[in-house]
Structure formats: C-alpha cells, structure tokens
$ cat query.cif   # mmCIF, C-alpha atoms
data_work
#
loop_
_atom_site.group_PDB
_atom_site.id
_atom_site.type_symbol
_atom_site.label_atom_id
_atom_site.label_comp_id
_atom_site.auth_asym_id
_atom_site.auth_seq_id
_atom_site.Cartn_x
_atom_site.Cartn_y
_atom_site.Cartn_z
ATOM 1 C CA MET A 1 13.103 -7.325 -52.100
ATOM 2 C CA GLN A 2 9.618 -5.977 -52.710
ATOM 3 C CA SER A 3 8.055 -8.841 -50.716
ATOM 4 C CA PHE A 4 10.454 -8.149 -47.850
ATOM 5 C CA ARG A 5 9.347 -4.502 -47.748
ATOM 6 C CA TRP A 6 5.700 -5.565 -47.684
ATOM 7 C CA ALA A 7 6.407 -8.006 -44.868
ATOM 8 C CA THR A 8 8.175 -5.287 -42.904
ATOM 9 C CA ARG A 9 5.247 -2.898 -43.351
ATOM 10 C CA ILE A 10 2.737 -5.530 -42.285
ATOM 11 C CA ALA A 11 4.834 -6.359 -39.202
ATOM 12 C CA ALA A 12 5.000 -2.655 -38.288
ATOM 13 C CA ILE A 13 1.229 -2.280 -38.660
ATOM 14 C CA LEU A 14 0.594 -5.334 -36.504
ATOM 15 C CA LEU A 15 2.998 -4.033 -33.855
ATOM 16 C CA ILE A 16 1.239 -0.662 -33.775
ATOM 17 C CA ALA A 17 -2.088 -2.442 -33.297
ATOM 18 C CA ILE A 18 -0.928 -5.024 -30.743
ATOM 19 C CA VAL A 19 1.010 -2.768 -28.348
ATOM 20 C CA PRO A 20 -1.993 -0.583 -27.361
ATOM 21 C CA LEU A 21 -4.133 -3.712 -27.000
ATOM 22 C CA TYR A 22 -1.522 -5.238 -24.690
ATOM 23 C CA PHE A 23 -1.441 -2.213 -22.405
ATOM 24 C CA LEU A 24 -5.246 -2.006 -22.503
ATOM 25 C CA TYR A 25 -5.401 -5.655 -21.430
ATOM 26 C CA GLN A 26 -2.890 -5.035 -18.642
ATOM 27 C CA HIS A 27 -4.978 -2.105 -17.426
ATOM 28 C CA PHE A 28 -8.263 -3.996 -17.258
ATOM 29 C CA ASP A 29 -6.652 -7.220 -16.076
ATOM 30 C CA SER A 30 -5.029 -5.547 -13.050
ATOM 31 C CA PRO A 31 -7.200 -5.638 -9.926
ATOM 32 C CA GLU A 32 -8.501 -2.348 -8.606
ATOM 33 C CA MET A 33 -6.550 -1.017 -5.637
ATOM 34 C CA MET A 34 -8.411 -0.309 -2.407
ATOM 35 C CA ALA A 35 -7.289 2.046 0.359
ATOM 36 C CA VAL A 36 -8.371 2.395 3.978
ATOM 37 C CA ALA A 37 -7.176 5.218 6.208
ATOM 38 C CA ALA A 38 -7.777 5.725 9.917
ATOM 39 C CA THR A 39 -7.777 9.382 10.965
ATOM 40 C CA ASN A 40 -9.058 10.147 14.460
ATOM 41 C CA GLU A 41 -10.372 6.699 15.352
ATOM 42 C CA ILE A 42 -9.123 3.121 15.344
ATOM 43 C CA THR A 43 -10.475 1.402 12.230
ATOM 44 C CA GLU A 44 -10.957 -2.294 11.543
ATOM 45 C CA THR A 45 -11.010 -3.634 8.002
ATOM 46 C CA THR A 46 -11.187 -7.111 6.481
ATOM 47 C CA LEU A 47 -9.057 -7.875 3.414
ATOM 48 C CA PRO A 48 -10.251 -10.063 0.493
ATOM 49 C CA ASP A 49 -8.570 -13.167 1.960
ATOM 50 C CA GLY A 50 -10.225 -12.772 5.368
ATOM 51 C CA THR A 51 -7.233 -11.109 7.044
ATOM 52 C CA ILE A 52 -8.370 -8.666 9.739
ATOM 53 C CA VAL A 53 -6.425 -5.417 10.167
ATOM 54 C CA ASN A 54 -6.904 -2.981 13.055
ATOM 55 C CA LEU A 55 -5.480 0.394 12.075
ATOM 56 C CA ASN A 56 -4.349 2.828 14.744
ATOM 57 C CA ARG A 57 -5.029 6.528 14.254
ATOM 58 C CA ASN A 58 -3.335 8.226 11.291
ATOM 59 C CA SER A 59 -2.493 4.889 9.666
ATOM 60 C CA SER A 60 -3.357 3.578 6.214
ATOM 61 C CA ILE A 61 -3.264 0.419 4.128
ATOM 62 C CA GLU A 62 -3.570 -0.198 0.392
ATOM 63 C CA TYR A 63 -4.399 -3.586 -1.121
ATOM 64 C CA PRO A 64 -5.848 -5.079 -4.324
ATOM 65 C CA GLU A 65 -9.590 -5.688 -4.534
ATOM 66 C CA GLU A 66 -8.693 -9.331 -5.102
ATOM 67 C CA PHE A 67 -5.458 -11.191 -4.408
ATOM 68 C CA SER A 68 -5.027 -12.780 -7.813
ATOM 69 C CA SER A 69 -1.314 -13.571 -7.936
ATOM 70 C CA ASP A 70 0.784 -16.059 -5.979
ATOM 71 C CA ILE A 71 1.299 -13.583 -3.123
ATOM 72 C CA ARG A 72 -0.884 -11.335 -0.988
ATOM 73 C CA GLU A 73 0.944 -8.013 -0.892
ATOM 74 C CA VAL A 74 -0.256 -4.836 0.818
ATOM 75 C CA THR A 75 1.301 -1.418 1.366
ATOM 76 C CA PHE A 76 1.098 -0.007 4.854
ATOM 77 C CA THR A 77 2.164 2.966 6.957
ATOM 78 C CA GLY A 78 1.504 3.865 10.590
ATOM 79 C CA GLU A 79 0.586 1.275 13.217
ATOM 80 C CA ALA A 80 -1.684 -1.747 12.940
ATOM 81 C CA PHE A 81 -2.424 -5.167 14.369
ATOM 82 C CA PHE A 82 -2.654 -7.902 11.725
ATOM 83 C CA ASN A 83 -4.543 -11.178 12.098
ATOM 84 C CA VAL A 84 -3.495 -12.832 8.853
ATOM 85 C CA ALA A 85 -5.646 -15.580 7.345
ATOM 86 C CA HIS A 86 -3.575 -18.727 6.833
ATOM 87 C CA ASP A 87 -2.865 -19.685 3.226
ATOM 88 C CA GLN A 88 0.099 -21.986 2.647
ATOM 89 C CA THR A 89 0.066 -21.279 -1.103
ATOM 90 C CA LYS A 90 0.019 -17.457 -0.894
ATOM 91 C CA PRO A 91 2.452 -15.719 1.477
ATOM 92 C CA PHE A 92 1.182 -12.454 2.959
ATOM 93 C CA ILE A 93 3.650 -9.578 2.493
ATOM 94 C CA ILE A 94 3.542 -6.114 4.046
ATOM 95 C CA ALA A 95 5.553 -3.453 2.229
ATOM 96 C CA THR A 96 6.494 -0.455 4.390
ATOM 97 C CA ASN A 97 9.460 1.945 4.503
ATOM 98 C CA GLY A 98 11.540 -0.227 2.174
ATOM 99 C CA VAL A 99 11.023 -3.224 4.492
ATOM 100 C CA ARG A 100 9.072 -6.430 3.899
ATOM 101 C CA VAL A 101 7.245 -8.514 6.518
ATOM 102 C CA ARG A 102 6.424 -11.970 5.120
ATOM 103 C CA VAL A 103 3.996 -14.410 6.775
ATOM 104 C CA LEU A 104 1.660 -17.301 5.978
ATOM 105 C CA GLY A 105 -0.827 -16.839 8.800
ATOM 106 C CA THR A 106 -0.199 -15.232 12.177
ATOM 107 C CA THR A 107 -0.905 -12.285 14.491
ATOM 108 C CA PHE A 108 1.497 -9.409 15.026
ATOM 109 C CA ASN A 109 1.782 -5.653 15.517
ATOM 110 C CA VAL A 110 3.625 -3.294 13.133
ATOM 111 C CA ASN A 111 4.576 0.260 14.074
ATOM 112 C CA THR A 112 6.424 2.449 11.560
ATOM 113 C CA ARG A 113 6.404 5.457 13.893
ATOM 114 C CA LYS A 114 8.836 4.449 16.620
ATOM 115 C CA PRO A 115 11.260 7.144 17.887
ATOM 116 C CA ASN A 116 14.311 7.965 15.738
ATOM 117 C CA GLY A 117 12.587 6.795 12.559
ATOM 118 C CA LYS A 118 12.547 3.120 13.547
ATOM 119 C CA THR A 119 9.975 0.488 12.584
ATOM 120 C CA GLU A 120 8.948 -2.214 15.039
ATOM 121 C CA VAL A 121 7.389 -5.621 14.413
ATOM 122 C CA VAL A 122 6.149 -7.512 17.502
ATOM 123 C CA LEU A 123 5.077 -11.120 16.973
ATOM 124 C CA VAL A 124 2.208 -12.498 19.052
ATOM 125 C CA ASP A 125 1.617 -15.852 17.377
ATOM 126 C CA GLY A 126 3.042 -17.806 14.428
ATOM 127 C CA LEU A 127 6.196 -17.004 12.480
ATOM 128 C CA VAL A 128 7.280 -13.994 10.413
ATOM 129 C CA LYS A 129 10.300 -13.004 8.344
ATOM 130 C CA VAL A 130 11.516 -9.411 8.216
ATOM 131 C CA TYR A 131 13.907 -8.144 5.564
ATOM 132 C CA TYR A 132 14.785 -5.175 3.378
ATOM 133 C CA LYS A 133 13.341 -5.098 -0.129
ATOM 134 C CA ASP A 134 15.323 -7.294 -2.550
ATOM 135 C CA HIS A 135 17.342 -8.778 0.344
ATOM 136 C CA GLU A 136 15.159 -11.694 1.441
ATOM 137 C CA LYS A 137 18.208 -13.939 1.829
ATOM 138 C CA GLU A 138 19.224 -11.745 4.772
ATOM 139 C CA ALA A 139 15.814 -12.016 6.463
ATOM 140 C CA VAL A 140 15.504 -12.417 10.217
ATOM 141 C CA LYS A 141 12.867 -14.726 11.691
ATOM 142 C CA LEU A 142 10.749 -13.977 14.737
ATOM 143 C CA VAL A 143 9.124 -16.383 17.160
ATOM 144 C CA PRO A 144 6.250 -15.415 19.499
ATOM 145 C CA GLY A 145 7.333 -12.929 22.155
ATOM 146 C CA GLU A 146 10.088 -11.428 20.007
ATOM 147 C CA LYS A 147 10.271 -8.112 18.212
ATOM 148 C CA ALA A 148 12.316 -6.785 15.313
ATOM 149 C CA LEU A 149 13.614 -3.225 15.320
ATOM 150 C CA ILE A 150 14.351 -1.894 11.849
ATOM 151 C CA HIS A 151 16.928 0.909 11.826
ATOM 152 C CA LYS A 152 16.321 2.607 8.490
ATOM 153 C CA THR A 153 19.331 4.944 8.588
ATOM 154 C CA GLU A 154 21.694 2.120 9.543
ATOM 155 C CA LYS A 155 20.027 -0.419 7.232
ATOM 156 C CA SER A 156 19.984 -2.964 10.036
ATOM 157 C CA ILE A 157 17.441 -5.244 11.712
ATOM 158 C CA THR A 158 17.888 -6.378 15.311
ATOM 159 C CA VAL A 159 15.836 -8.974 17.204
ATOM 160 C CA HIS A 160 14.964 -8.657 20.907
ATOM 161 C CA ARG A 161 12.603 -10.147 23.445
ATOM 162 C CA ASN A 162 9.550 -7.925 23.731
ATOM 163 C CA GLU A 163 9.587 -6.543 27.274
ATOM 164 C CA ASN A 164 6.945 -3.876 26.641
ATOM 165 C CA PRO A 165 3.502 -4.964 27.907
ATOM 166 C CA ASN A 166 1.930 -1.874 26.317
ATOM 167 C CA PHE A 167 2.823 -2.437 22.665
ATOM 168 C CA MET A 168 -0.863 -3.093 21.929
ATOM 169 C CA ALA A 169 -2.355 -0.687 24.484
ATOM 170 C CA TRP A 170 -3.684 1.504 21.665
ATOM 171 C CA LYS A 171 -5.969 -1.438 20.772
ATOM 172 C CA THR A 172 -6.650 -3.089 24.149
ATOM 173 C CA ARG A 173 -6.862 0.144 26.202
ATOM 174 C CA LEU A 174 -4.914 -1.656 28.936
ATOM 175 C CA MET A 175 -1.729 0.045 30.154
ATOM 176 C CA ILE A 176 0.619 -1.534 32.695
ATOM 177 C CA PHE A 177 3.512 0.535 34.029
ATOM 178 C CA LEU A 178 6.059 -1.157 36.285
ATOM 179 C CA ASP A 179 8.642 1.357 37.497
ATOM 180 C CA GLU A 180 8.430 2.956 34.036
ATOM 181 C CA PRO A 181 10.357 6.178 33.243
ATOM 182 C CA LEU A 182 7.969 9.082 32.831
ATOM 183 C CA ASP A 183 9.067 9.877 29.279
ATOM 184 C CA GLU A 184 8.124 6.315 28.258
ATOM 185 C CA VAL A 185 4.772 6.760 29.997
ATOM 186 C CA ILE A 186 4.154 9.935 28.003
ATOM 187 C CA TYR A 187 5.048 8.140 24.750
ATOM 188 C CA THR A 188 2.540 5.379 25.527
ATOM 189 C CA LEU A 189 -0.205 7.861 26.414
ATOM 190 C CA ASN A 190 0.335 9.705 23.141
ATOM 191 C CA GLN A 191 0.065 6.422 21.239
ATOM 192 C CA VAL A 192 -3.060 5.271 23.040
ATOM 193 C CA TYR A 193 -5.007 8.519 23.068
ATOM 194 C CA GLY A 194 -3.642 10.221 19.959
ATOM 195 C CA ALA A 195 -2.479 13.039 22.219
ATOM 196 C CA ASN A 196 0.520 15.353 22.001
ATOM 197 C CA LEU A 197 1.721 15.389 25.591
ATOM 198 C CA SER A 198 5.238 16.440 26.584
ATOM 199 C CA LEU A 199 7.180 16.952 29.794
ATOM 200 C CA ALA A 200 7.441 20.534 31.011
ATOM 201 C CA ASP A 201 10.844 19.743 32.513
ATOM 202 C CA GLU A 202 13.281 17.194 31.073
ATOM 203 C CA ASN A 203 14.359 16.270 34.604
ATOM 204 C CA LEU A 204 10.920 14.750 35.100
ATOM 205 C CA SER A 205 11.915 11.949 32.726
ATOM 206 C CA ASN A 206 13.908 10.485 35.630
ATOM 207 C CA CYS A 207 10.700 10.008 37.633
ATOM 208 C CA ARG A 208 9.127 6.552 37.470
ATOM 209 C CA LEU A 209 5.569 5.302 37.626
ATOM 210 C CA THR A 210 3.974 2.042 38.731
ATOM 211 C CA ALA A 211 0.282 1.906 37.878
ATOM 212 C CA THR A 212 -2.340 0.108 35.788
ATOM 213 C CA PHE A 213 -5.041 1.794 33.710
ATOM 214 C CA GLU A 214 -7.794 -0.029 31.853
ATOM 215 C CA ASP A 215 -10.232 1.632 29.489
ATOM 216 C CA GLN A 216 -10.016 4.989 31.259
ATOM 217 C CA SER A 217 -10.172 8.454 29.728
ATOM 218 C CA LEU A 218 -7.034 10.560 29.323
ATOM 219 C CA PRO A 219 -8.113 13.211 31.904
ATOM 220 C CA VAL A 220 -8.636 10.464 34.496
ATOM 221 C CA VAL A 221 -5.236 8.929 33.763
ATOM 222 C CA LEU A 222 -3.479 12.299 33.968
ATOM 223 C CA GLN A 223 -5.181 13.079 37.255
#
$ encode --input "query.cif" --output "structure tokens"
Amino acid sequence: MQSFRWATRIAAILLIAIVPLYFLYQHFDSPEMMAVAATNEITETTLPDGTIVNLNRNSSIEYPEEFSSDIREVTFTGEAFFNVAHDQTKPFIIATNGVRVRVLGTTFNVNTRKPNGKTEVVLVDGLVKVYYKDHEKEAVKLVPGEKALIHKTEKSITVHRNENPNFMAWKTRLMIFLDEPLDEVIYTLNQVYGANLSLADENLSNCRLTATFEDQSLPVVLQ
C-alpha cells in the first residue's frame, strides 16, 4: 500500500512537470503567424510556398511563416487574386466567412464583399473546390470561366458561368461595360477606385452604359 502511494505521488509530480513542458513545446514548435493588410492601395505579397496574392484595398490575409503541415492554410477577408503555387502533396486552403476554398495550384479571384453579404469565387485557371467548414463532402467544383456564389444566410453555394468581364478590374484597371445598368457601373467604379459613389436618383439605375475605360482616373471616367 505504501509503495502504491509513493508511485502515485511520483506519477503526479511527473505529470506536473511534463504538462507545462508539453505546452511550452507546442508554443515554440508552432510557426509564427504573419499578416498582411492592404489599406488604401493594392498590395502584392508572396507566401512561403511561392504563391502570389494581390490584395485589393481594405483586404487582409494571415498565414504561417512556414507551411509545415500537410496543408497550406491561410485566413483571408476582403478581395484578392490568388496565383497558387502548385504542390500536389499540400493542398492550398483559404478560410473565409466559414467557407473553405481548396486548390492544388491555380489562379482565381475571391471577393467576400459582394452585395447582400455574399462571397464570390471566380476561377480563371485550374480547378477549385468550395465548401462550408466541416462539410467538404458537399463541396462544389469549379472549372475555368465559372464562379461560385456563397449565400451565407441561406447556407448555400451556387455555380454560374461568369458573365462579368470586370471581376478583376480592380487589378487590371480595364473596365468594359456593354449595355450595363448604371447601378452595376457604380458598384464596379467603387470597387476599382475605392470610392463611395451612389446614384442621386434611384430611377437612374434603369439607365445603361456601353463604354470601355483602361487605366484612367476616376474624374476622367465620371466626366
């Protein structure tokens, strides 16, 4: 009985010593997290794996200093264009608004600031899967030229052909309007120039515009 008590005490002492060491190891073993935020200008950053991310204004991304696990996961909010470095062994995962975008290597645009609280993923090249966290079995796949609209309130994801030539205008500075409703034009201008334009009269939204603007200032476009 006495030996059992001694064994119990020794086990308790070892536990007290090991637990702090374990958490200390976890702390120092975890890679440092990096964060990049774009405020008033478009910002380009290169991730540890060579992935290039162009952040639109008021957008941010957080990622580990080194991708050390079997996945490359980043946290993102706002709008950005991703050119993901191909790595068959480490899927690249974007976590945003409870949604996951999973790829191996591809180029696509993500916008978490679409009207009515929607998130949009537009695929340019490659293949991506979009799904809600912990529901990967229900993922939808995109092929080039398609977009996914994530309806957060309805918990749904719908796939459409991308008919909007201006989804990357904030990056390319090229805007093409073909009989476009004026309210959509205003939305695009706000995205491209970081402006806060609005229509003085709602009836103006029925007006349509056909025009092309390339790398021009906002005052010139408005004129």
$ closest_residue --input "query.cif" --among "A:Ala38, A:Ile157, A:Val185, A:Ala85" --to "Glu138 (chain A)" --atoms "all atoms listed in the file"
A:Ile157
$ axis_aligned_box --input "query.cif" --around "region 173-187 of chain A" --padding-each-side "4 Å" --output "lines of an AutoDock Vina configuration file"
center_x = 1.7
center_y = 4.1
center_z = 31.1
size_x = 25.2
size_y = 19.6
size_z = 20.7
$ resolve_selection --input "query.cif" --expression "the PyMOL selection byres ((chain A and resi 140-147) around 12)" --output "VMD selection string"
chain A and resid 99 to 103 106 to 111 119 to 132 135 to 139 148 to 150 156 to 165 167
$ closest_atom_pairs --input "query.cif" --of "region 155-189 of chain A" --to "region 51-74 of chain A" --cutoff "10 Å" --atoms "only C-alpha atoms" --output "CSV"
residue,atom,partner,partner_atom,distance
A:Met168,CA,A:Asn56,CA,9.9
A:Trp170,CA,A:Asn56,CA,7.1
A:Lys171,CA,A:Asn56,CA,7.6
$ atom_distance --input "query.cif" --atom1 "CA of Phe81 (chain A)" --atom2 "CA of Ser198 (chain A)"
26.0 Å
$ closest_residue --input "query.cif" --among "A:Glu41, A:Glu154, A:Asp179, A:Asp87" --to "Lys118 (chain A)" --atoms "only C-alpha atoms"
A:Glu154
$ resolve_selection --input "query.cif" --expression "the PyMOL selection byres ((chain A and resi 205) around 7)" --output "list in words"
Pro181, Leu182, Asp183, Glu202, Asn203, Leu204, Asn206 and Cys207 of chain A
$ residues_near_point --input "query.cif" --point "(2.2, 0.8, 41.2)" --cutoff "8 Å" --atoms "all atoms listed in the file" --output "number ranges by chain"
A: 177-179, 209-212
$ atom_distance --input "query.cif" --atom1 "CA of Asp201 (chain A)" --atom2 "CA of Ser217 (chain A)"
24.0 Å
$ atom_distance --input "query.cif" --atom1 "CA of Gly194 (chain A)" --atom2 "CA of Leu222 (chain A)"
14.2 Å
$ residues_around --input "query.cif" --residues "Thr188 (chain A)" --least-positions-apart "3" --cutoff "8 Å" --atoms "all atoms listed in the file" --output "number ranges by chain"
A: 166, 169, 184-185, 191-192
$ closest_residue --input "query.cif" --among "A:Tyr193, A:Gln223, A:Lys152, A:Leu199" --to "Ile42 (chain A)" --atoms "only C-alpha atoms"
A:Tyr193
$ closest_residue --input "query.cif" --among "A:Met34, A:Thr153, A:Leu174, A:Asn83" --to "Asn97 (chain A)" --atoms "all atoms listed in the file"
A:Thr153
$ closest_residue --input "query.cif" --among "A:Gly105, A:Thr172, A:Asp215, A:Thr112" --to "Gly50 (chain A)" --atoms "all atoms listed in the file"
A:Gly105
$ closest_residue --input "query.cif" --among "A:Val36, A:Lys133, A:Gly117, A:Leu218" --to "Ile94 (chain A)" --atoms "all atoms listed in the file"
A:Lys133
$ build_atoms --input "query.cif" --residues "region 157-172 of chain A" --atoms "N, CA, C and O atoms" --output "PDB file, in the frame of the given file"
ATOM      1  N   ILE A 157      18.603  -4.685  11.034  1.00  0.00           N
ATOM      2  CA  ILE A 157      17.441  -5.244  11.712  1.00  0.00           C
ATOM      3  C   ILE A 157      17.950  -6.030  12.914  1.00  0.00           C
ATOM      4  O   ILE A 157      18.775  -6.928  12.764  1.00  0.00           O
ATOM      5  N   THR A 158      17.469  -5.675  14.105  1.00  0.00           N
ATOM      6  CA  THR A 158      17.888  -6.378  15.311  1.00  0.00           C
ATOM      7  C   THR A 158      16.672  -7.044  15.958  1.00  0.00           C
ATOM      8  O   THR A 158      15.556  -6.525  15.898  1.00  0.00           O
ATOM      9  N   VAL A 159      16.910  -8.200  16.570  1.00  0.00           N
ATOM     10  CA  VAL A 159      15.836  -8.974  17.204  1.00  0.00           C
ATOM     11  C   VAL A 159      16.021  -8.960  18.722  1.00  0.00           C
ATOM     12  O   VAL A 159      17.131  -9.155  19.220  1.00  0.00           O
ATOM     13  N   HIS A 160      14.918  -8.716  19.443  1.00  0.00           N
ATOM     14  CA  HIS A 160      14.964  -8.657  20.907  1.00  0.00           C
ATOM     15  C   HIS A 160      13.731  -9.363  21.472  1.00  0.00           C
ATOM     16  O   HIS A 160      12.732  -9.553  20.779  1.00  0.00           O
ATOM     17  N   ARG A 161      13.810  -9.732  22.740  1.00  0.00           N
ATOM     18  CA  ARG A 161      12.603 -10.147  23.445  1.00  0.00           C
ATOM     19  C   ARG A 161      11.737  -8.918  23.674  1.00  0.00           C
ATOM     20  O   ARG A 161      12.251  -7.839  23.974  1.00  0.00           O
ATOM     21  N   ASN A 162      10.435  -9.058  23.509  1.00  0.00           N
ATOM     22  CA  ASN A 162       9.550  -7.925  23.731  1.00  0.00           C
ATOM     23  C   ASN A 162       9.245  -7.802  25.221  1.00  0.00           C
ATOM     24  O   ASN A 162       8.549  -8.637  25.796  1.00  0.00           O
ATOM     25  N   GLU A 163       9.785  -6.761  25.846  1.00  0.00           N
ATOM     26  CA  GLU A 163       9.587  -6.543  27.274  1.00  0.00           C
ATOM     27  C   GLU A 163       8.530  -5.475  27.544  1.00  0.00           C
ATOM     28  O   GLU A 163       8.281  -5.117  28.699  1.00  0.00           O
ATOM     29  N   ASN A 164       7.921  -4.961  26.485  1.00  0.00           N
ATOM     30  CA  ASN A 164       6.945  -3.876  26.641  1.00  0.00           C
ATOM     31  C   ASN A 164       5.524  -4.442  26.670  1.00  0.00           C
ATOM     32  O   ASN A 164       5.005  -4.890  25.648  1.00  0.00           O
ATOM     33  N   PRO A 165       4.859  -4.419  27.828  1.00  0.00           N
ATOM     34  CA  PRO A 165       3.502  -4.964  27.907  1.00  0.00           C
ATOM     35  C   PRO A 165       2.464  -4.068  27.238  1.00  0.00           C
ATOM     36  O   PRO A 165       1.306  -4.480  27.069  1.00  0.00           O
ATOM     37  N   ASN A 166       2.882  -2.854  26.849  1.00  0.00           N
ATOM     38  CA  ASN A 166       1.930  -1.874  26.317  1.00  0.00           C
ATOM     39  C   ASN A 166       2.009  -1.689  24.805  1.00  0.00           C
ATOM     40  O   ASN A 166       1.489  -0.717  24.278  1.00  0.00           O
ATOM     41  N   PHE A 167       2.665  -2.634  24.109  1.00  0.00           N
ATOM     42  CA  PHE A 167       2.823  -2.437  22.665  1.00  0.00           C
ATOM     43  C   PHE A 167       1.485  -2.462  21.930  1.00  0.00           C
ATOM     44  O   PHE A 167       1.370  -1.937  20.823  1.00  0.00           O
ATOM     45  N   MET A 168       0.458  -3.070  22.548  1.00  0.00           N
ATOM     46  CA  MET A 168      -0.863  -3.093  21.929  1.00  0.00           C
ATOM     47  C   MET A 168      -1.890  -2.307  22.736  1.00  0.00           C
ATOM     48  O   MET A 168      -3.096  -2.454  22.540  1.00  0.00           O
ATOM     49  N   ALA A 169      -1.434  -1.440  23.623  1.00  0.00           N
ATOM     50  CA  ALA A 169      -2.355  -0.687  24.484  1.00  0.00           C
ATOM     51  C   ALA A 169      -3.283   0.206  23.666  1.00  0.00           C
ATOM     52  O   ALA A 169      -4.428   0.454  24.069  1.00  0.00           O
ATOM     53  N   TRP A 170      -2.825   0.675  22.513  1.00  0.00           N
ATOM     54  CA  TRP A 170      -3.684   1.504  21.665  1.00  0.00           C
ATOM     55  C   TRP A 170      -4.941   0.742  21.231  1.00  0.00           C
ATOM     56  O   TRP A 170      -5.981   1.347  20.973  1.00  0.00           O
ATOM     57  N   LYS A 171      -4.845  -0.592  21.190  1.00  0.00           N
ATOM     58  CA  LYS A 171      -5.969  -1.438  20.772  1.00  0.00           C
ATOM     59  C   LYS A 171      -6.731  -1.990  21.974  1.00  0.00           C
ATOM     60  O   LYS A 171      -7.966  -2.022  21.979  1.00  0.00           O
ATOM     61  N   THR A 172      -6.009  -2.442  23.001  1.00  0.00           N
ATOM     62  CA  THR A 172      -6.650  -3.089  24.149  1.00  0.00           C
ATOM     63  C   THR A 172      -7.128  -2.100  25.201  1.00  0.00           C
ATOM     64  O   THR A 172      -7.962  -2.456  26.046  1.00  0.00           O
TER      65      THR A 172
END
